>>> print(open('target.cif').read())   # mmCIF, C-alpha atoms
data_run
#
loop_
_atom_site.label_atom_id
_atom_site.label_comp_id
_atom_site.auth_asym_id
_atom_site.auth_seq_id
_atom_site.Cartn_x
_atom_site.Cartn_y
_atom_site.Cartn_z
CA MET Y 1 0.00 0.00 0.00
CA TYR Y 2 2.64 2.49 1.04
CA GLY Y 3 5.00 1.08 -1.57
CA TRP Y 4 2.36 1.70 -4.20
CA ILE Y 5 1.99 5.33 -3.10
CA TRP Y 6 5.74 5.79 -3.07
CA ARG Y 7 6.07 4.45 -6.60
CA HIS Y 8 3.39 6.81 -7.84
CA LEU Y 9 4.88 9.96 -6.38
CA PRO Y 10 6.80 12.12 -8.85
CA GLY Y 11 10.39 13.27 -8.62
CA ASN Y 12 13.47 11.83 -7.00
CA ALA Y 13 13.73 10.28 -3.56
CA TRP Y 14 14.00 13.67 -1.82
CA ALA Y 15 10.95 15.08 -3.55
CA ARG Y 16 9.01 11.92 -2.76
CA ALA Y 17 10.05 12.05 0.89
CA PHE Y 18 8.93 15.67 1.07
CA ILE Y 19 5.57 14.96 -0.56
CA SER Y 20 5.07 11.98 1.76
CA LEU Y 21 5.66 14.20 4.75
CA VAL Y 22 3.18 16.77 3.51
CA LEU Y 23 0.63 14.05 2.84
CA ALA Y 24 1.10 12.61 6.33
CA LEU Y 25 0.65 16.04 7.90
CA ALA Y 26 -2.47 16.62 5.82
CA VAL Y 27 -3.91 13.32 7.02
CA VAL Y 28 -3.18 14.21 10.66
CA TYR Y 29 -4.79 17.61 10.17
CA VAL Y 30 -7.96 16.12 8.70
CA LEU Y 31 -8.09 13.59 11.54
CA PHE Y 32 -7.74 16.19 14.30
CA GLN Y 33 -9.97 18.75 12.67
CA TYR Y 34 -12.81 16.61 11.41
CA VAL Y 35 -12.62 12.90 12.15
CA PHE Y 36 -11.73 12.87 15.84
CA PRO Y 37 -14.20 15.60 16.86
CA TRP Y 38 -16.84 13.47 15.17
CA ALA Y 39 -15.70 10.22 16.80
CA GLU Y 40 -15.13 11.57 20.27
CA PRO Y 41 -18.79 12.03 21.33
CA LEU Y 42 -19.34 8.34 20.54
CA LEU Y 43 -17.15 7.58 23.54
CA PRO Y 44 -18.46 8.07 27.06
CA PHE Y 45 -16.31 11.01 28.25
CA ASN Y 46 -18.98 13.54 27.36
CA ASP Y 47 -21.72 12.28 29.63
CA VAL Y 48 -21.48 14.60 32.58
CA THR Y 49 -25.11 15.64 33.02
CA VAL Y 50 -28.08 13.97 34.58
CA ASP Y 51 -30.70 13.11 32.00
CA GLY Y 52 -33.85 14.90 31.11
CA ALA Y 53 -32.59 18.45 31.29
CA GLY Y 54 -31.98 18.88 27.58
CA ALA Y 55 -28.70 17.38 28.49
CA ALA Y 56 -25.69 16.45 26.46
CA ARG Y 57 -25.66 12.73 26.28
CA MET O 1 -1.55 -12.24 -6.03
CA SER O 2 1.46 -13.37 -4.12
CA VAL O 3 1.40 -14.30 -0.45
CA ARG O 4 4.10 -11.70 0.11
CA LEU O 5 1.83 -8.91 -1.11
CA VAL O 6 -1.04 -10.03 1.08
CA VAL O 7 1.14 -10.26 4.17
CA ARG O 8 2.74 -6.88 3.47
CA THR O 9 -0.57 -5.12 2.92
CA PHE O 10 -1.98 -6.69 6.07
CA SER O 11 1.03 -5.54 8.12
CA GLU O 12 0.73 -2.05 6.71
CA LEU O 13 -2.94 -1.92 7.63
CA CYS O 14 -2.15 -3.03 11.18
CA ILE O 15 0.49 -0.34 11.55
CA THR O 16 -1.93 2.25 10.17
CA VAL O 17 -4.69 1.28 12.59
CA GLY O 18 -2.21 1.34 15.49
CA THR O 19 -1.03 4.81 14.52
CA LEU O 20 -4.63 5.97 14.29
CA MET O 21 -5.32 4.74 17.81
CA VAL O 22 -2.27 6.46 19.24
CA LEU O 23 -3.25 9.68 17.48
CA PHE O 24 -6.79 9.46 18.80
CA VAL O 25 -5.59 8.94 22.36
CA ALA O 26 -3.28 11.94 21.96
CA TYR O 27 -6.24 13.93 20.67
CA VAL O 28 -8.49 13.01 23.59
CA LEU O 29 -5.82 13.40 26.27
CA PHE O 30 -4.02 16.51 25.12
CA TRP O 31 -5.56 18.19 22.14
CA THR O 32 -9.05 18.61 23.64
CA GLY O 33 -7.38 20.24 26.65
CA ILE O 34 -5.45 22.65 24.45
CA LYS O 35 -8.59 23.49 22.48
CA ALA O 36 -10.61 23.99 25.67
CA GLY O 37 -7.85 26.15 27.17
CA GLY O 38 -8.09 28.52 24.24
CA ALA O 39 -11.89 28.47 24.21
CA THR O 40 -12.35 29.09 27.95
CA ASP O 41 -9.79 31.89 28.02
CA GLY O 42 -11.71 33.45 25.15
CA GLN O 43 -14.99 33.12 27.03
CA ILE O 44 -13.59 34.70 30.19
CA ASP O 45 -11.98 37.54 28.24
CA ARG O 46 -15.27 38.15 26.51
CA LEU O 47 -17.15 38.28 29.79
CA GLN O 48 -14.65 40.67 31.30
CA ASP O 49 -14.87 42.90 28.25
CA GLU O 50 -18.65 42.88 28.51
CA TRP O 51 -18.54 43.68 32.21
CA SER O 52 -16.05 46.46 31.82
CA GLN O 53 -18.07 48.12 29.05
CA GLY O 54 -21.53 47.73 30.52
CA PRO O 55 -23.07 50.62 32.39
CA PHE O 56 -21.69 50.34 35.84
CA ALA O 57 -24.52 49.61 38.20
CA ALA O 58 -24.24 51.62 41.35
CA PRO O 59 -23.90 49.22 44.24
CA VAL O 60 -27.16 48.80 46.05
CA PRO O 61 -26.38 48.77 49.73
CA GLU O 62 -28.50 47.07 52.36
CA ARG O 63 -29.96 44.60 49.96
CA THR O 64 -29.79 40.93 50.69
CA VAL O 65 -31.27 39.94 47.35
CA PRO O 66 -29.05 40.64 44.36
CA PRO O 67 -30.72 42.37 41.42
CA ALA O 68 -32.53 40.13 38.96
CA PRO O 69 -30.08 38.85 36.34
CA LYS O 70 -30.66 39.21 32.63
CA ALA O 71 -32.03 36.15 30.90
CA TYR O 72 -29.13 33.94 29.92
CA GLU O 73 -28.48 33.42 26.23
CA ASP O 74 -28.09 29.83 25.13
CA GLY O 75 -24.46 28.86 24.61
CA LYS O 76 -23.15 32.19 25.90
CA PRO O 77 -21.05 32.70 29.02
CA PHE O 78 -22.57 34.63 31.89
CA ALA O 79 -20.44 33.92 34.95
CA VAL O 80 -17.03 32.77 36.09
CA MET O 81 -16.60 30.03 38.68
CA TYR O 82 -13.73 29.68 41.14
CA ILE O 83 -13.17 26.68 43.40
CA PRO O 84 -10.15 27.23 45.65
CA ARG O 85 -10.03 23.49 46.46
CA PHE O 86 -9.12 22.83 42.81
CA GLY O 87 -6.25 25.32 42.90
CA GLY O 88 -5.72 29.05 42.95
CA SER O 89 -5.62 29.34 39.17
CA TRP O 90 -8.78 27.29 38.65
CA ASP O 91 -11.29 29.56 36.94
CA TRP O 92 -13.90 28.43 34.44
CA PRO O 93 -16.60 30.26 32.52
CA VAL O 94 -20.18 29.12 33.05
CA LEU O 95 -22.23 28.98 29.85
CA GLU O 96 -25.94 28.63 29.41
CA GLY O 97 -27.07 25.13 28.44
CA THR O 98 -25.58 21.67 28.68
CA ARG O 99 -25.25 20.73 25.03
CA ALA O 100 -22.05 18.90 24.10
CA GLY O 101 -20.80 21.86 22.08
CA THR O 102 -21.38 24.21 25.00
CA LEU O 103 -19.56 21.98 27.46
CA LYS O 104 -16.48 22.08 25.23
CA LYS O 105 -16.09 25.77 26.02
CA GLY O 106 -16.65 25.68 29.75
CA LEU O 107 -19.09 24.59 32.39
CA GLY O 108 -22.75 24.34 31.45
CA HIS O 109 -25.72 25.67 33.39
CA TYR O 110 -28.81 23.45 33.21
CA ALA O 111 -31.21 25.81 31.47
CA SER O 112 -34.17 24.43 33.41
CA THR O 113 -32.70 25.34 36.79
CA ALA O 114 -32.58 28.55 38.78
CA ALA O 115 -30.41 31.52 37.85
CA LEU O 116 -27.22 32.31 39.72
CA GLY O 117 -27.87 33.40 43.27
CA ARG O 118 -31.63 33.09 42.97
CA SER O 119 -33.93 30.97 45.02
CA GLY O 120 -33.86 27.42 43.70
CA ASN O 121 -31.10 25.19 42.52
CA PHE O 122 -28.42 26.69 40.27
CA SER O 123 -27.07 23.54 38.58
CA VAL O 124 -23.88 23.27 36.59
CA ALA O 125 -22.34 20.37 34.67
CA GLY O 126 -18.70 20.02 33.72
CA HIS O 127 -16.26 17.54 32.22
CA ARG O 128 -14.36 15.31 34.59
CA ARG O 129 -11.88 14.41 31.87
CA THR O 130 -11.05 15.81 28.43
CA TYR O 131 -11.64 19.41 27.40
CA GLY O 132 -9.35 20.79 30.08
CA ASP O 133 -10.45 18.38 32.86
CA PRO O 134 -12.36 21.08 34.83
CA PHE O 135 -13.83 18.66 37.40
CA LYS O 136 -10.87 16.28 37.59
CA ASP O 137 -10.53 16.73 41.37
CA PHE O 138 -14.27 16.54 42.00
CA PRO O 139 -14.01 13.75 44.64
CA LYS O 140 -11.75 16.00 46.72
CA LEU O 141 -14.60 18.38 47.50
CA ARG O 142 -15.47 18.42 51.19
CA ALA O 143 -18.10 20.04 53.34
CA GLY O 144 -17.40 23.74 53.76
CA ASP O 145 -15.39 24.16 50.55
CA ALA O 146 -16.13 27.41 48.78
CA VAL O 147 -17.55 27.61 45.27
CA VAL O 148 -17.31 31.24 44.24
CA LEU O 149 -19.07 32.71 41.24
CA THR O 150 -19.30 36.17 39.81
CA ASP O 151 -21.66 37.58 37.21
CA GLY O 152 -19.79 40.85 36.90
CA THR O 153 -21.78 42.75 39.51
CA THR O 154 -21.95 40.38 42.47
CA TRP O 155 -19.76 37.75 44.08
CA PHE O 156 -21.63 34.65 45.22
CA THR O 157 -19.97 32.35 47.72
CA TYR O 158 -21.53 28.92 48.00
CA ARG O 159 -20.41 26.35 50.56
CA ILE O 160 -20.29 22.65 49.78
CA GLU O 161 -22.71 20.71 51.93
CA LYS O 162 -21.06 17.30 52.05
CA GLU O 163 -18.79 14.93 50.15
CA PRO O 164 -19.80 14.23 46.53
CA TYR O 165 -22.73 11.90 46.13
CA ARG O 166 -22.59 9.12 43.55
CA THR O 167 -25.72 8.36 41.58
CA VAL O 168 -26.98 7.04 38.25
CA PRO O 169 -27.41 9.22 35.15
CA SER O 170 -31.21 9.06 35.25
CA ASP O 171 -31.43 10.56 38.74
CA ILE O 172 -32.83 13.94 37.70
CA GLY O 173 -33.98 14.63 41.25
CA VAL O 174 -30.49 15.83 42.14
CA ILE O 175 -31.08 19.10 40.28
CA ASP O 176 -34.58 19.69 41.68
CA PRO O 177 -35.12 23.06 43.41
CA VAL O 178 -34.81 21.18 46.68
CA PRO O 179 -32.54 18.35 45.55
CA ARG O 180 -33.36 14.87 46.67
CA ARG O 181 -30.92 13.21 49.09
CA SER O 182 -29.00 16.44 49.52
CA GLY O 183 -30.05 16.88 53.12
CA PHE O 184 -31.67 20.25 52.35
CA ASP O 185 -35.12 20.26 53.88
CA GLY O 186 -36.71 23.39 52.47
CA PRO O 187 -36.51 25.92 49.65
CA GLY O 188 -33.32 27.92 49.52
CA ARG O 189 -30.51 29.16 47.30
CA TYR O 190 -28.65 26.04 46.30
CA LEU O 191 -25.97 25.03 43.85
CA THR O 192 -25.48 21.62 42.29
CA LEU O 193 -22.40 20.48 40.40
CA THR O 194 -22.55 17.34 38.26
CA THR O 195 -19.85 15.39 36.45
CA CYS O 196 -19.26 11.82 35.33
CA ASP O 197 -18.00 8.91 37.34
CA PRO O 198 -15.80 6.91 36.97
CA GLU O 199 -13.26 9.33 35.60
CA TRP O 200 -13.28 8.00 32.04
CA GLY O 201 -16.69 6.37 32.13
CA SER O 202 -20.31 7.28 32.05
CA SER O 203 -22.06 4.67 34.15
CA HIS O 204 -22.55 7.02 37.09
CA ARG O 205 -22.57 10.70 38.02
CA LEU O 206 -20.95 12.53 40.87
CA ILE O 207 -23.02 15.26 42.47
CA ALA O 208 -21.96 18.01 44.86
CA TRP O 209 -24.44 20.29 46.59
CA ALA O 210 -23.82 23.68 48.11
CA HIS O 211 -25.87 26.45 49.63
CA LEU O 212 -25.44 30.18 49.19
CA ASP O 213 -23.37 31.47 52.07
CA ALA O 214 -22.61 35.09 51.20
CA THR O 215 -22.95 37.66 48.45
CA GLN O 216 -21.17 40.94 47.99
CA PRO O 217 -20.97 43.51 45.22
CA VAL O 218 -17.82 43.34 43.10
CA THR O 219 -17.02 46.87 44.23
CA ASP O 220 -16.20 45.43 47.65
CA GLY O 221 -13.38 43.39 46.17
CA LYS O 222 -12.87 39.67 46.13
CA PRO O 223 -14.75 37.56 48.66
CA GLU O 224 -12.84 36.12 51.56
CA ALA O 225 -12.79 32.61 50.10
CA LEU O 226 -10.58 33.83 47.23
CA ARG O 227 -8.21 35.83 49.38
CA SER O 228 -5.35 33.65 50.50
#
>>> encode(input="target.cif", output="structure tokens")
Amino acid sequence: MYGWIWRHLPGNAWARAFISLVLALAVVYVLFQYVFPWAEPLLPFNDVTVDGAGAAR
Amino acid sequence: MSVRLVVRTFSELCITVGTLMVLFVAYVLFWTGIKAGGATDGQIDRLQDEWSQGPFAAPVPERTVPPAPKAYEDGKPFAVMYIPRFGGSWDWPVLEGTRAGTLKKGLGHYASTAALGRSGNFSVAGHRRTYGDPFKDFPKLRAGDAVVLTDGTTWFTYRIEKEPYRTVPSDIGVIDPVPRRSGFDGPGRYLTLTTCDPEWGSSHRLIAWAHLDATQPVTDGKPEALRS
């Protein structure tokens, strides 16, 4: 999988390494900005209220 | 398709999933705290700006009842809470409502409960863990501990009634005007704090009750509980 990506990146080894780094950072950004905030409420850390009061569940 | 390719792809997937998990844990443990730190500081700054710009109400002497507060706006901060037991630098904004998005920016006031300092039960929920861990030390609360709040014109000093009470999430009675099992036997000016228990779980809730002990206009300076 990663080998396939590496082979399809343009340029020499240095350029490929640089692009890989940028891609990795982009993935981390998307995860922290969008994916994790979505996934986090599915875990129980958010339940701090007693029910029935229009509460966050 | 060679066995080698299958094994390699499988290993790469495992490594990817492992990395994802580590990143998610880092997000929950640290990043939510950093985000909340920024958000709560913003909320407190905003409140202080609002308070410093607003027409300065002349202090009303000889009044035991503080003036009626403005209706709180959903999702907006209206007070700052201090609990000396949690540390001298512990200050958190209190926002109206207990929606998940609101609780990411500070503590949340149950919209159905009394206003700050008024007769009834002013109830506030906060995270035990994640988003800055505001109520991390919740079990350390003891009878007599001060919970100090200010709405910009008045300081309210509440005193904790007894050690935190552990209950189940459906126990709505704990935020009743005269909360059940709190030991209060008549109407009064109460405060209820709720958070989750165990620390990282959601099977139970921890509840702390307090009663209003003293009020003073902000012009008189900080209340005694914060001076030390």
>>> resolve_selection(input="target.cif", expression="the PyMOL selection byres ((chain O and resi 201-212) around 7)", output="short mmCIF file (atom, residue, chain, number, x, y, z; two decimals) with C-alpha atoms, in the frame of the given file")
data_model
loop_
_atom_site.label_atom_id
_atom_site.label_comp_id
_atom_site.auth_asym_id
_atom_site.auth_seq_id
_atom_site.Cartn_x
_atom_site.Cartn_y
_atom_site.Cartn_z
CA PRO Y 44 -18.46 8.07 27.06
CA PHE Y 45 -16.31 11.01 28.25
CA ASP Y 47 -21.72 12.28 29.63
CA VAL Y 48 -21.48 14.60 32.58
CA THR O 157 -19.97 32.35 47.72
CA TYR O 158 -21.53 28.92 48.00
CA ARG O 159 -20.41 26.35 50.56
CA ILE O 160 -20.29 22.65 49.78
CA GLU O 161 -22.71 20.71 51.93
CA GLU O 163 -18.79 14.93 50.15
CA PRO O 164 -19.80 14.23 46.53
CA TYR O 165 -22.73 11.90 46.13
CA ARG O 166 -22.59 9.12 43.55
CA THR O 167 -25.72 8.36 41.58
CA VAL O 168 -26.98 7.04 38.25
CA PRO O 169 -27.41 9.22 35.15
CA SER O 182 -29.00 16.44 49.52
CA ARG O 189 -30.51 29.16 47.30
CA TYR O 190 -28.65 26.04 46.30
CA LEU O 191 -25.97 25.03 43.85
CA THR O 192 -25.48 21.62 42.29
CA LEU O 193 -22.40 20.48 40.40
CA THR O 194 -22.55 17.34 38.26
CA THR O 195 -19.85 15.39 36.45
CA CYS O 196 -19.26 11.82 35.33
CA ASP O 197 -18.00 8.91 37.34
CA PRO O 198 -15.80 6.91 36.97
CA GLU O 199 -13.26 9.33 35.60
CA TRP O 200 -13.28 8.00 32.04
CA ASP O 213 -23.37 31.47 52.07
CA ALA O 214 -22.61 35.09 51.20
#
>>> resolve_selection(input="target.cif", expression="the PyMOL selection byres ((chain O and resi 28) around 10)", output="PyMOL selection string")
(chain Y and resi 32+36-37+40+45) or (chain O and resi 23-27+29-33+129-131)
>>> atom_distance(input="target.cif", atom1="CA of Ala39 (chain O)", atom2="CA of Trp155 (chain O)")
23.3 Å
>>> atom_distance(input="target.cif", atom1="CA of Val218 (chain O)", atom2="CA of Gly186 (chain O)")
29.0 Å
>>> resolve_selection(input="target.cif", expression="the PyMOL selection byres ((chain O and resi 173) around 12)", output="MDAnalysis selection string")
(chainID Y and resid 50:53) or (chainID O and resid 113 121 123 167:172 174:182 192 207)
>>> decode(input="target.cif", residues="region 77-89 of chain O", atoms="all heavy atoms", output="PDB file, in the first residue's frame")
ATOM      1  N   PRO O  77     -21.514  32.664  27.633  1.00  0.00           N
ATOM      2  CA  PRO O  77     -21.047  32.696  29.023  1.00  0.00           C
ATOM      3  C   PRO O  77     -21.752  33.801  29.799  1.00  0.00           C
ATOM      4  O   PRO O  77     -22.119  34.821  29.227  1.00  0.00           O
ATOM      5  CB  PRO O  77     -19.558  33.015  28.869  1.00  0.00           C
ATOM      6  CG  PRO O  77     -19.463  33.784  27.600  1.00  0.00           C
ATOM      7  CD  PRO O  77     -20.536  33.245  26.691  1.00  0.00           C
ATOM      8  N   PHE O  78     -21.954  33.575  31.084  1.00  0.00           N
ATOM      9  CA  PHE O  78     -22.573  34.625  31.894  1.00  0.00           C
ATOM     10  C   PHE O  78     -21.942  34.754  33.270  1.00  0.00           C
ATOM     11  O   PHE O  78     -22.272  35.661  34.027  1.00  0.00           O
ATOM     12  CB  PHE O  78     -24.086  34.398  32.022  1.00  0.00           C
ATOM     13  CG  PHE O  78     -24.453  33.108  32.721  1.00  0.00           C
ATOM     14  CD1 PHE O  78     -24.586  33.068  34.092  1.00  0.00           C
ATOM     15  CD2 PHE O  78     -24.639  31.951  31.993  1.00  0.00           C
ATOM     16  CE1 PHE O  78     -24.912  31.880  34.737  1.00  0.00           C
ATOM     17  CE2 PHE O  78     -24.967  30.757  32.628  1.00  0.00           C
ATOM     18  CZ  PHE O  78     -25.102  30.718  34.004  1.00  0.00           C
ATOM     19  N   ALA O  79     -21.050  33.841  33.620  1.00  0.00           N
ATOM     20  CA  ALA O  79     -20.445  33.920  34.951  1.00  0.00           C
ATOM     21  C   ALA O  79     -19.093  33.204  34.921  1.00  0.00           C
ATOM     22  O   ALA O  79     -18.794  32.459  33.989  1.00  0.00           O
ATOM     23  CB  ALA O  79     -21.344  33.288  35.996  1.00  0.00           C
ATOM     24  N   VAL O  80     -18.296  33.468  35.928  1.00  0.00           N
ATOM     25  CA  VAL O  80     -17.029  32.768  36.093  1.00  0.00           C
ATOM     26  C   VAL O  80     -17.048  32.065  37.442  1.00  0.00           C
ATOM     27  O   VAL O  80     -17.500  32.640  38.431  1.00  0.00           O
ATOM     28  CB  VAL O  80     -15.824  33.724  36.018  1.00  0.00           C
ATOM     29  CG1 VAL O  80     -14.516  32.952  36.153  1.00  0.00           C
ATOM     30  CG2 VAL O  80     -15.841  34.515  34.732  1.00  0.00           C
ATOM     31  N   MET O  81     -16.607  30.801  37.449  1.00  0.00           N
ATOM     32  CA  MET O  81     -16.605  30.032  38.680  1.00  0.00           C
ATOM     33  C   MET O  81     -15.172  29.846  39.175  1.00  0.00           C
ATOM     34  O   MET O  81     -14.253  29.642  38.378  1.00  0.00           O
ATOM     35  CB  MET O  81     -17.254  28.667  38.447  1.00  0.00           C
ATOM     36  CG  MET O  81     -17.382  27.821  39.711  1.00  0.00           C
ATOM     37  SD  MET O  81     -18.033  26.169  39.388  1.00  0.00           S
ATOM     38  CE  MET O  81     -19.776  26.515  39.179  1.00  0.00           C
ATOM     39  N   TYR O  82     -15.017  29.942  40.492  1.00  0.00           N
ATOM     40  CA  TYR O  82     -13.731  29.683  41.140  1.00  0.00           C
ATOM     41  C   TYR O  82     -13.959  28.650  42.237  1.00  0.00           C
ATOM     42  O   TYR O  82     -14.910  28.772  43.010  1.00  0.00           O
ATOM     43  CB  TYR O  82     -13.177  30.955  41.791  1.00  0.00           C
ATOM     44  CG  TYR O  82     -13.006  32.121  40.840  1.00  0.00           C
ATOM     45  CD1 TYR O  82     -14.086  32.945  40.542  1.00  0.00           C
ATOM     46  CD2 TYR O  82     -11.780  32.396  40.256  1.00  0.00           C
ATOM     47  CE1 TYR O  82     -13.949  34.020  39.671  1.00  0.00           C
ATOM     48  CE2 TYR O  82     -11.634  33.463  39.393  1.00  0.00           C
ATOM     49  CZ  TYR O  82     -12.717  34.271  39.103  1.00  0.00           C
ATOM     50  OH  TYR O  82     -12.574  35.322  38.247  1.00  0.00           O
ATOM     51  N   ILE O  83     -13.099  27.637  42.291  1.00  0.00           N
ATOM     52  CA  ILE O  83     -13.173  26.678  43.396  1.00  0.00           C
ATOM     53  C   ILE O  83     -11.766  26.544  43.979  1.00  0.00           C
ATOM     54  O   ILE O  83     -10.910  25.872  43.404  1.00  0.00           O
ATOM     55  CB  ILE O  83     -13.704  25.304  42.932  1.00  0.00           C
ATOM     56  CG1 ILE O  83     -15.100  25.455  42.315  1.00  0.00           C
ATOM     57  CG2 ILE O  83     -13.755  24.323  44.113  1.00  0.00           C
ATOM     58  CD1 ILE O  83     -15.741  24.157  41.876  1.00  0.00           C
ATOM     59  N   PRO O  84     -11.503  27.226  45.096  1.00  0.00           N
ATOM     60  CA  PRO O  84     -10.147  27.231  45.649  1.00  0.00           C
ATOM     61  C   PRO O  84      -9.594  25.816  45.907  1.00  0.00           C
ATOM     62  O   PRO O  84      -8.391  25.601  45.781  1.00  0.00           O
ATOM     63  CB  PRO O  84     -10.307  28.001  46.962  1.00  0.00           C
ATOM     64  CG  PRO O  84     -11.505  28.871  46.745  1.00  0.00           C
ATOM     65  CD  PRO O  84     -12.421  28.085  45.856  1.00  0.00           C
ATOM     66  N   ARG O  85     -10.483  24.863  46.219  1.00  0.00           N
ATOM     67  CA  ARG O  85     -10.028  23.493  46.457  1.00  0.00           C
ATOM     68  C   ARG O  85      -9.322  22.906  45.228  1.00  0.00           C
ATOM     69  O   ARG O  85      -8.430  22.088  45.348  1.00  0.00           O
ATOM     70  CB  ARG O  85     -11.233  22.633  46.851  1.00  0.00           C
ATOM     71  CG  ARG O  85     -11.005  21.147  46.879  1.00  0.00           C
ATOM     72  CD  ARG O  85     -10.161  20.695  48.035  1.00  0.00           C
ATOM     73  NE  ARG O  85     -10.907  20.763  49.290  1.00  0.00           N
ATOM     74  CZ  ARG O  85     -10.358  20.492  50.473  1.00  0.00           C
ATOM     75  NH1 ARG O  85      -9.085  20.163  50.556  1.00  0.00           N
ATOM     76  NH2 ARG O  85     -11.075  20.580  51.546  1.00  0.00           N
ATOM     77  N   PHE O  86      -9.714  23.345  44.036  1.00  0.00           N
ATOM     78  CA  PHE O  86      -9.120  22.830  42.807  1.00  0.00           C
ATOM     79  C   PHE O  86      -7.871  23.598  42.396  1.00  0.00           C
ATOM     80  O   PHE O  86      -7.300  23.345  41.342  1.00  0.00           O
ATOM     81  CB  PHE O  86     -10.133  22.868  41.650  1.00  0.00           C
ATOM     82  CG  PHE O  86     -11.321  21.968  41.839  1.00  0.00           C
ATOM     83  CD1 PHE O  86     -12.449  22.113  41.045  1.00  0.00           C
ATOM     84  CD2 PHE O  86     -11.314  20.967  42.806  1.00  0.00           C
ATOM     85  CE1 PHE O  86     -13.541  21.277  41.226  1.00  0.00           C
ATOM     86  CE2 PHE O  86     -12.403  20.129  42.981  1.00  0.00           C
ATOM     87  CZ  PHE O  86     -13.526  20.291  42.188  1.00  0.00           C
ATOM     88  N   GLY O  87      -7.462  24.565  43.213  1.00  0.00           N
ATOM     89  CA  GLY O  87      -6.252  25.315  42.901  1.00  0.00           C
ATOM     90  C   GLY O  87      -6.536  26.785  42.692  1.00  0.00           C
ATOM     91  O   GLY O  87      -7.627  27.166  42.269  1.00  0.00           O
ATOM     92  N   GLY O  88      -5.536  27.606  43.002  1.00  0.00           N
ATOM     93  CA  GLY O  88      -5.715  29.051  42.947  1.00  0.00           C
ATOM     94  C   GLY O  88      -5.959  29.572  41.545  1.00  0.00           C
ATOM     95  O   GLY O  88      -6.583  30.613  41.369  1.00  0.00           O
ATOM     96  N   SER O  89      -5.465  28.831  40.539  1.00  0.00           N
ATOM     97  CA  SER O  89      -5.622  29.338  39.173  1.00  0.00           C
ATOM     98  C   SER O  89      -6.821  28.700  38.476  1.00  0.00           C
ATOM     99  O   SER O  89      -7.015  28.879  37.283  1.00  0.00           O
ATOM    100  CB  SER O  89      -4.358  29.058  38.365  1.00  0.00           C
ATOM    101  OG  SER O  89      -4.092  27.678  38.374  1.00  0.00           O
TER     102      SER O  89
END
